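To be precise, the following lines are input-v5.txt, and they hold compact mmCIF, N, CA and C atoms and all ligand atoms.
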# COMPACT_ATOMS: atom_id res chain seq x y z
N MET X 1 1.37 33.38 -9.37
CA MET X 1 1.76 31.96 -9.40
C MET X 1 1.85 31.45 -10.84
N ILE X 2 2.86 30.66 -11.10
CA ILE X 2 3.07 30.17 -12.45
C ILE X 2 2.52 28.76 -12.60
N GLU X 3 1.76 28.55 -13.61
CA GLU X 3 1.17 27.23 -13.82
C GLU X 3 1.61 26.60 -15.13
N ILE X 4 1.78 27.42 -16.15
CA ILE X 4 2.10 26.90 -17.47
C ILE X 4 3.62 26.93 -17.66
N VAL X 5 4.21 25.79 -17.91
CA VAL X 5 5.64 25.74 -18.15
C VAL X 5 5.88 25.44 -19.63
N THR X 6 7.00 25.90 -20.14
CA THR X 6 7.30 25.72 -21.55
C THR X 6 8.05 24.40 -21.79
N GLN X 7 8.05 23.97 -23.02
CA GLN X 7 8.76 22.75 -23.39
C GLN X 7 10.25 22.86 -23.06
N ARG X 8 10.80 24.03 -23.32
CA ARG X 8 12.22 24.28 -23.03
C ARG X 8 12.51 24.09 -21.53
N GLU X 9 11.63 24.62 -20.71
CA GLU X 9 11.80 24.48 -19.26
C GLU X 9 11.67 23.01 -18.84
N VAL X 10 10.74 22.31 -19.45
CA VAL X 10 10.57 20.89 -19.16
C VAL X 10 11.82 20.11 -19.57
N ASP X 11 12.38 20.46 -20.73
CA ASP X 11 13.61 19.80 -21.20
C ASP X 11 14.75 19.99 -20.21
N LEU X 12 14.91 21.23 -19.74
CA LEU X 12 15.96 21.53 -18.77
C LEU X 12 15.75 20.75 -17.48
N PHE X 13 14.49 20.61 -17.11
CA PHE X 13 14.12 19.89 -15.88
C PHE X 13 14.43 18.39 -16.02
N ILE X 14 13.93 17.80 -17.09
CA ILE X 14 14.07 16.35 -17.29
C ILE X 14 15.54 15.95 -17.41
N ASP X 15 16.33 16.86 -17.94
CA ASP X 15 17.76 16.65 -18.04
C ASP X 15 18.40 16.32 -16.69
N LYS X 16 17.78 16.78 -15.62
CA LYS X 16 18.34 16.60 -14.27
C LYS X 16 17.62 15.50 -13.48
N VAL X 17 16.80 14.71 -14.15
CA VAL X 17 16.03 13.69 -13.45
C VAL X 17 16.37 12.30 -13.99
N ASP X 18 16.64 11.37 -13.07
CA ASP X 18 16.86 9.98 -13.45
C ASP X 18 15.54 9.23 -13.26
N MET X 19 14.92 8.87 -14.38
CA MET X 19 13.61 8.21 -14.31
C MET X 19 13.72 6.69 -14.35
N LYS X 20 14.94 6.20 -14.52
CA LYS X 20 15.10 4.74 -14.66
C LYS X 20 15.64 4.13 -13.38
N THR X 21 14.86 4.20 -12.31
CA THR X 21 15.29 3.60 -11.05
C THR X 21 14.41 2.39 -10.75
N ALA X 22 14.95 1.45 -9.99
CA ALA X 22 14.22 0.23 -9.65
C ALA X 22 12.98 0.53 -8.81
N SER X 23 13.08 1.56 -7.98
CA SER X 23 11.98 1.91 -7.08
C SER X 23 10.83 2.62 -7.80
N GLY X 24 11.09 3.06 -9.03
CA GLY X 24 10.08 3.85 -9.72
C GLY X 24 10.19 5.34 -9.41
N CYS X 25 11.13 5.70 -8.55
CA CYS X 25 11.34 7.11 -8.24
C CYS X 25 11.94 7.82 -9.46
N TRP X 26 11.56 9.06 -9.63
CA TRP X 26 12.23 9.93 -10.60
C TRP X 26 13.16 10.77 -9.75
N VAL X 27 14.42 10.40 -9.73
CA VAL X 27 15.35 10.98 -8.76
C VAL X 27 16.03 12.23 -9.31
N TRP X 28 15.85 13.30 -8.59
CA TRP X 28 16.45 14.59 -8.95
C TRP X 28 17.97 14.50 -8.80
N GLN X 29 18.69 14.86 -9.86
CA GLN X 29 20.15 14.79 -9.86
C GLN X 29 20.79 16.17 -9.64
N GLY X 30 19.97 17.19 -9.62
CA GLY X 30 20.49 18.55 -9.48
C GLY X 30 20.70 18.92 -8.02
N ALA X 31 20.73 20.20 -7.75
CA ALA X 31 21.01 20.70 -6.41
C ALA X 31 19.89 20.32 -5.43
N ILE X 32 20.31 20.14 -4.18
CA ILE X 32 19.39 19.85 -3.07
C ILE X 32 19.58 20.96 -2.05
N ARG X 33 18.53 21.41 -1.45
CA ARG X 33 18.72 22.42 -0.41
C ARG X 33 17.73 22.27 0.73
N ARG X 34 18.07 22.94 1.83
CA ARG X 34 17.14 23.06 2.96
C ARG X 34 16.34 24.33 2.72
N TRP X 35 15.02 24.23 2.79
CA TRP X 35 14.16 25.33 2.38
C TRP X 35 13.76 26.22 3.53
N SER X 36 13.62 25.63 4.70
CA SER X 36 13.23 26.45 5.85
C SER X 36 13.63 25.69 7.11
N ARG X 37 13.35 26.28 8.27
CA ARG X 37 13.72 25.63 9.53
C ARG X 37 12.78 24.49 9.87
N GLU X 38 11.66 24.41 9.17
CA GLU X 38 10.72 23.33 9.45
C GLU X 38 11.40 21.98 9.21
N PRO X 39 11.22 21.03 10.13
CA PRO X 39 11.92 19.74 9.99
C PRO X 39 11.52 18.98 8.73
N TRP X 40 10.31 19.21 8.23
CA TRP X 40 9.86 18.49 7.04
C TRP X 40 10.36 19.13 5.77
N ASP X 41 10.98 20.29 5.87
CA ASP X 41 11.23 21.08 4.67
C ASP X 41 12.69 21.11 4.25
N GLY X 42 13.39 19.99 4.34
CA GLY X 42 14.77 19.93 3.87
C GLY X 42 14.95 18.80 2.88
N GLY X 43 15.98 18.91 2.06
CA GLY X 43 16.36 17.80 1.20
C GLY X 43 15.63 17.70 -0.11
N TYR X 44 14.78 18.68 -0.42
CA TYR X 44 14.10 18.66 -1.70
C TYR X 44 14.99 19.23 -2.80
N GLY X 45 14.76 18.77 -4.02
CA GLY X 45 15.52 19.26 -5.15
C GLY X 45 15.22 20.73 -5.42
N ALA X 46 16.23 21.43 -5.94
CA ALA X 46 16.09 22.85 -6.25
C ALA X 46 16.24 23.07 -7.75
N PHE X 47 15.24 23.66 -8.36
CA PHE X 47 15.26 23.91 -9.80
C PHE X 47 15.16 25.41 -10.05
N TRP X 48 16.11 25.92 -10.82
CA TRP X 48 16.14 27.36 -11.14
C TRP X 48 15.08 27.63 -12.20
N PHE X 49 14.12 28.47 -11.87
CA PHE X 49 12.97 28.66 -12.74
C PHE X 49 12.56 30.13 -12.78
N ARG X 50 12.76 30.76 -13.93
CA ARG X 50 12.34 32.16 -14.13
C ARG X 50 12.82 33.09 -13.02
N GLY X 51 14.13 33.01 -12.73
CA GLY X 51 14.71 33.96 -11.79
C GLY X 51 14.54 33.61 -10.34
N ARG X 52 14.01 32.42 -10.04
CA ARG X 52 13.95 32.02 -8.63
C ARG X 52 14.13 30.51 -8.54
N VAL X 53 14.30 30.04 -7.31
CA VAL X 53 14.50 28.61 -7.10
C VAL X 53 13.19 28.01 -6.60
N VAL X 54 12.76 26.94 -7.26
CA VAL X 54 11.54 26.27 -6.81
C VAL X 54 11.86 24.82 -6.46
N ARG X 55 11.03 24.21 -5.65
CA ARG X 55 11.21 22.81 -5.30
C ARG X 55 10.95 21.96 -6.55
N ALA X 56 11.87 21.03 -6.80
CA ALA X 56 11.81 20.26 -8.04
C ALA X 56 10.50 19.47 -8.17
N HIS X 57 10.02 18.88 -7.08
CA HIS X 57 8.80 18.07 -7.18
C HIS X 57 7.57 18.95 -7.42
N ILE X 58 7.64 20.20 -6.96
CA ILE X 58 6.53 21.11 -7.21
C ILE X 58 6.53 21.53 -8.68
N PHE X 59 7.74 21.74 -9.22
CA PHE X 59 7.81 22.05 -10.65
C PHE X 59 7.21 20.89 -11.46
N ALA X 60 7.53 19.66 -11.06
CA ALA X 60 7.01 18.48 -11.78
C ALA X 60 5.48 18.49 -11.76
N HIS X 61 4.93 18.92 -10.64
CA HIS X 61 3.47 18.99 -10.54
C HIS X 61 2.91 20.07 -11.46
N TRP X 62 3.58 21.22 -11.52
CA TRP X 62 3.15 22.30 -12.44
C TRP X 62 3.15 21.78 -13.87
N TRP X 63 4.23 21.05 -14.18
CA TRP X 63 4.42 20.53 -15.53
C TRP X 63 3.28 19.58 -15.92
N LEU X 64 2.99 18.61 -15.08
CA LEU X 64 2.03 17.56 -15.48
C LEU X 64 0.59 17.83 -15.05
N PHE X 65 0.41 18.54 -13.94
CA PHE X 65 -0.96 18.70 -13.43
C PHE X 65 -1.37 20.14 -13.17
N GLY X 66 -0.40 21.08 -13.29
CA GLY X 66 -0.74 22.47 -13.00
C GLY X 66 -0.53 22.79 -11.52
N GLN X 67 -1.16 23.86 -11.11
CA GLN X 67 -0.98 24.39 -9.76
C GLN X 67 -1.37 23.37 -8.69
N VAL X 68 -0.61 23.35 -7.60
CA VAL X 68 -0.96 22.52 -6.44
C VAL X 68 -2.23 23.12 -5.82
N PRO X 69 -3.25 22.29 -5.55
CA PRO X 69 -4.49 22.85 -5.01
C PRO X 69 -4.27 23.68 -3.75
N GLN X 70 -5.07 24.73 -3.60
CA GLN X 70 -5.00 25.64 -2.46
C GLN X 70 -5.06 24.86 -1.14
N GLY X 71 -4.14 25.20 -0.23
CA GLY X 71 -4.15 24.56 1.09
C GLY X 71 -3.53 23.18 1.12
N LYS X 72 -3.03 22.72 -0.03
CA LYS X 72 -2.44 21.38 -0.07
C LYS X 72 -0.92 21.48 -0.22
N VAL X 73 -0.24 20.45 0.25
CA VAL X 73 1.20 20.32 0.01
C VAL X 73 1.40 19.00 -0.72
N LEU X 74 2.56 18.83 -1.31
CA LEU X 74 2.83 17.58 -2.02
C LEU X 74 3.50 16.59 -1.07
N LEU X 75 2.94 15.39 -0.97
CA LEU X 75 3.44 14.37 -0.05
C LEU X 75 4.11 13.25 -0.84
N HIS X 76 5.24 12.78 -0.30
CA HIS X 76 5.97 11.68 -0.94
C HIS X 76 5.56 10.35 -0.30
N SER X 77 4.93 9.47 -1.06
CA SER X 77 4.61 8.15 -0.51
C SER X 77 5.86 7.29 -0.44
N CYS X 78 6.89 7.63 -1.21
CA CYS X 78 8.11 6.82 -1.25
C CYS X 78 9.16 7.28 -0.24
N ASP X 79 8.89 8.39 0.47
CA ASP X 79 9.84 8.89 1.47
C ASP X 79 11.15 9.39 0.89
N ASN X 80 11.23 9.52 -0.40
CA ASN X 80 12.45 10.00 -1.04
C ASN X 80 12.21 11.44 -1.49
N ARG X 81 12.79 12.37 -0.74
CA ARG X 81 12.49 13.78 -1.02
C ARG X 81 13.07 14.25 -2.34
N ARG X 82 14.03 13.53 -2.86
CA ARG X 82 14.58 13.90 -4.17
C ARG X 82 13.70 13.38 -5.30
N CYS X 83 12.71 12.57 -4.96
CA CYS X 83 11.83 11.99 -5.98
C CYS X 83 10.85 13.04 -6.50
N VAL X 84 10.72 13.10 -7.83
CA VAL X 84 9.79 14.06 -8.44
C VAL X 84 8.72 13.32 -9.26
N ASN X 85 8.47 12.07 -8.91
CA ASN X 85 7.49 11.28 -9.64
C ASN X 85 6.08 11.64 -9.18
N VAL X 86 5.54 12.69 -9.79
CA VAL X 86 4.22 13.17 -9.37
C VAL X 86 3.10 12.29 -9.91
N VAL X 87 3.46 11.33 -10.78
CA VAL X 87 2.45 10.42 -11.30
C VAL X 87 2.13 9.33 -10.28
N ASP X 88 3.18 8.73 -9.68
CA ASP X 88 2.96 7.60 -8.78
C ASP X 88 3.33 7.84 -7.32
N HIS X 89 4.27 8.73 -7.04
CA HIS X 89 4.83 8.82 -5.68
C HIS X 89 4.52 10.11 -4.94
N VAL X 90 4.21 11.15 -5.65
CA VAL X 90 4.03 12.45 -5.01
C VAL X 90 2.61 12.94 -5.29
N ARG X 91 1.84 13.11 -4.22
CA ARG X 91 0.43 13.49 -4.35
C ARG X 91 0.11 14.67 -3.45
N PRO X 92 -0.85 15.49 -3.86
CA PRO X 92 -1.27 16.57 -2.96
C PRO X 92 -1.97 16.00 -1.72
N GLY X 93 -1.68 16.60 -0.58
CA GLY X 93 -2.35 16.24 0.67
C GLY X 93 -2.25 17.42 1.60
N THR X 94 -2.69 17.25 2.84
CA THR X 94 -2.61 18.37 3.78
C THR X 94 -1.33 18.27 4.61
N GLN X 95 -0.93 19.40 5.16
CA GLN X 95 0.29 19.43 5.97
C GLN X 95 0.12 18.56 7.22
N SER X 96 -1.08 18.55 7.80
CA SER X 96 -1.27 17.74 9.01
C SER X 96 -1.16 16.25 8.67
N GLN X 97 -1.63 15.89 7.48
CA GLN X 97 -1.47 14.52 6.99
C GLN X 97 0.02 14.18 6.89
N ASN X 98 0.78 15.13 6.39
CA ASN X 98 2.22 14.96 6.21
C ASN X 98 2.91 14.68 7.55
N ILE X 99 2.56 15.47 8.56
CA ILE X 99 3.18 15.33 9.87
C ILE X 99 2.76 14.00 10.50
N ARG X 100 1.47 13.66 10.36
CA ARG X 100 0.96 12.38 10.88
C ARG X 100 1.72 11.22 10.24
N ASP X 101 1.90 11.29 8.93
CA ASP X 101 2.65 10.28 8.18
C ASP X 101 4.05 10.10 8.75
N MET X 102 4.72 11.24 9.00
CA MET X 102 6.10 11.20 9.49
C MET X 102 6.14 10.53 10.85
N VAL X 103 5.17 10.89 11.71
CA VAL X 103 5.12 10.33 13.07
C VAL X 103 4.89 8.83 12.98
N GLU X 104 3.94 8.43 12.13
CA GLU X 104 3.62 7.00 12.01
C GLU X 104 4.80 6.21 11.47
N LYS X 105 5.44 6.77 10.46
CA LYS X 105 6.59 6.07 9.88
C LYS X 105 7.74 6.01 10.88
N GLY X 106 7.91 7.08 11.67
CA GLY X 106 8.94 7.12 12.70
C GLY X 106 8.69 6.03 13.73
N ARG X 107 7.42 5.91 14.14
CA ARG X 107 7.05 4.86 15.11
C ARG X 107 7.32 3.49 14.53
N ALA X 108 6.96 3.30 13.29
CA ALA X 108 7.14 2.00 12.64
C ALA X 108 8.62 1.64 12.61
N ARG X 109 9.43 2.65 12.30
CA ARG X 109 10.88 2.42 12.25
C ARG X 109 11.42 2.04 13.63
N ASN X 110 10.96 2.77 14.65
CA ASN X 110 11.43 2.50 16.00
C ASN X 110 11.04 1.08 16.44
N ARG X 111 9.81 0.72 16.12
CA ARG X 111 9.31 -0.61 16.50
C ARG X 111 10.18 -1.68 15.83
N HIS X 112 10.48 -1.40 14.56
CA HIS X 112 11.29 -2.33 13.80
C HIS X 112 12.67 -2.49 14.45
N MET X 113 13.22 -1.37 14.89
CA MET X 113 14.54 -1.40 15.50
C MET X 113 14.54 -2.22 16.79
N VAL X 114 13.45 -2.07 17.56
CA VAL X 114 13.36 -2.79 18.82
C VAL X 114 13.27 -4.30 18.56
N GLN X 115 12.44 -4.65 17.57
CA GLN X 115 12.26 -6.07 17.28
C GLN X 115 13.50 -6.68 16.63
N GLY X 116 14.10 -5.88 15.75
CA GLY X 116 15.17 -6.41 14.92
C GLY X 116 16.46 -6.59 15.72
ZN ZN Y 201 9.56 8.10 -5.38
Can the structure in the file be given as structure tokens, please?
Amino acid sequence: MIEIVTQREVDLFIDKVDMKTASGCWVWQGAIRRWSREPWDGGYGAFWFRGRVVRAHIFAHWWLFGQVPQGKVLLHSCDNRRCVNVVDHVRPGTQSQNIRDMVEKGRARNRHMVQG
């Protein structure tokens, strides 16, 4: 596992990120891909890193905080999968937390639709 990234790699990364958004999101401008068949695992940014493709928000975490803790995944509080703002919007959490979040937000959206 790679934890230490070089300044050159960070420069290449930042080149593809728009940090000046009203929402505070750091929006990935590069490629987006579906990573697996899991419903939660699509739409994340793809960053070419040392001969392989990594999720852009995970790279951002390596850059600023190092390795994602064992057993944790990175969760987006802003619901924007292209967001790589690991300072304010993307935090380590558990996968079950992630799924619970999605269900709760889905319910909230449905409720809103019924009322609205
Ligand atoms: Zn965000």
Those in stretch 11-113 of chain X with strand (DSSP E) from DSSP, as a compact mmCIF listing (two decimals) with N, CA and C atoms, keeping the file's coordinate frame:
# COMPACT_ATOMS: atom_id res chain seq x y z
N VAL X 17 16.80 14.71 -14.15
CA VAL X 17 16.03 13.69 -13.45
C VAL X 17 16.37 12.30 -13.99
N ASP X 18 16.64 11.37 -13.07
CA ASP X 18 16.86 9.98 -13.45
C ASP X 18 15.54 9.23 -13.26
N VAL X 27 14.42 10.40 -9.73
CA VAL X 27 15.35 10.98 -8.76
C VAL X 27 16.03 12.23 -9.31
N TRP X 28 15.85 13.30 -8.59
CA TRP X 28 16.45 14.59 -8.95
C TRP X 28 17.97 14.50 -8.80
N ILE X 32 20.31 20.14 -4.18
CA ILE X 32 19.39 19.85 -3.07
C ILE X 32 19.58 20.96 -2.05
N ARG X 33 18.53 21.41 -1.45
CA ARG X 33 18.72 22.42 -0.41
C ARG X 33 17.73 22.27 0.73
N ARG X 34 18.07 22.94 1.83
CA ARG X 34 17.14 23.06 2.96
C ARG X 34 16.34 24.33 2.72
N GLY X 42 13.39 19.99 4.34
CA GLY X 42 14.77 19.93 3.87
C GLY X 42 14.95 18.80 2.88
N GLY X 43 15.98 18.91 2.06
CA GLY X 43 16.36 17.80 1.20
C GLY X 43 15.63 17.70 -0.11
N TYR X 44 14.78 18.68 -0.42
CA TYR X 44 14.10 18.66 -1.70
C TYR X 44 14.99 19.23 -2.80
N GLY X 45 14.76 18.77 -4.02
CA GLY X 45 15.52 19.26 -5.15
C GLY X 45 15.22 20.73 -5.42
N ALA X 46 16.23 21.43 -5.94
CA ALA X 46 16.09 22.85 -6.25
C ALA X 46 16.24 23.07 -7.75
N PHE X 47 15.24 23.66 -8.36
CA PHE X 47 15.26 23.91 -9.80
C PHE X 47 15.16 25.41 -10.05
N TRP X 48 16.11 25.92 -10.82
CA TRP X 48 16.14 27.36 -11.14
C TRP X 48 15.08 27.63 -12.20
N PHE X 49 14.12 28.47 -11.87
CA PHE X 49 12.97 28.66 -12.74
C PHE X 49 12.56 30.13 -12.78
N ARG X 52 14.01 32.42 -10.04
CA ARG X 52 13.95 32.02 -8.63
C ARG X 52 14.13 30.51 -8.54
N VAL X 53 14.30 30.04 -7.31
CA VAL X 53 14.50 28.61 -7.10
C VAL X 53 13.19 28.01 -6.60
N VAL X 54 12.76 26.94 -7.26
CA VAL X 54 11.54 26.27 -6.81
C VAL X 54 11.86 24.82 -6.46
N ARG X 55 11.03 24.21 -5.65
CA ARG X 55 11.21 22.81 -5.30
C ARG X 55 10.95 21.96 -6.55
N VAL X 73 -0.24 20.45 0.25
CA VAL X 73 1.20 20.32 0.01
C VAL X 73 1.40 19.00 -0.72
N LEU X 74 2.56 18.83 -1.31
CA LEU X 74 2.83 17.58 -2.02
C LEU X 74 3.50 16.59 -1.07
N LEU X 75 2.94 15.39 -0.97
CA LEU X 75 3.44 14.37 -0.05
C LEU X 75 4.11 13.25 -0.84
N HIS X 76 5.24 12.78 -0.30
CA HIS X 76 5.97 11.68 -0.94
C HIS X 76 5.56 10.35 -0.30
N VAL X 90 4.21 11.15 -5.65
CA VAL X 90 4.03 12.45 -5.01
C VAL X 90 2.61 12.94 -5.29
N ARG X 91 1.84 13.11 -4.22
CA ARG X 91 0.43 13.49 -4.35
C ARG X 91 0.11 14.67 -3.45
N PRO X 92 -0.85 15.49 -3.86
CA PRO X 92 -1.27 16.57 -2.96
C PRO X 92 -1.97 16.00 -1.72
N GLY X 93 -1.68 16.60 -0.58
CA GLY X 93 -2.35 16.24 0.67
C GLY X 93 -2.25 17.42 1.60
Got a sec: who's within 7 Å of X:His76, counting only C-alpha atoms, leaving out chain neighbours fewer than 3 positions off, as a ChimeraX atom specification? /X:79-81,89-91
Would you mind listing the residues within 7 Å of ligand ZN 201 (chain Y), counting all atoms listed in the file, as a PyMOL selection string? chain X and resi 23-27+76-80+82-85+88-90
Filtered DSSP result for stretch 11-95 of chain X, state helix (DSSP H, G or I), as a list of chain:residue names: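 DSSP-assigned helix (DSSP H, G or I) residues in stretch 11-95 of chain X: X:Asp11, X:Leu12, X:Phe13, X:Ile14, X:Ala56, X:His57, X:Ile58, X:Phe59, X:Ala60, X:His61, X:Trp62, X:Trp63, X:Leu64, X:Phe65, X:Gln95.
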Atom N of X:Phe13 and atom CA of X:Gln95 are how many Å apart?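 Value for the atom N of X:Phe13-atom CA of X:Gln95 distance: 27.1 Å.
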Work out how far apart atom N of X:Pro92 and atom N of X:Leu74 are and give it in Å to one decimal.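 It comes out at 5.4 Å.
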Just the number, please: distance in Å from atom C of X:Ile4 to atom CA of X:Trp63, one decimal.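 So the answer is 6.8 Å.
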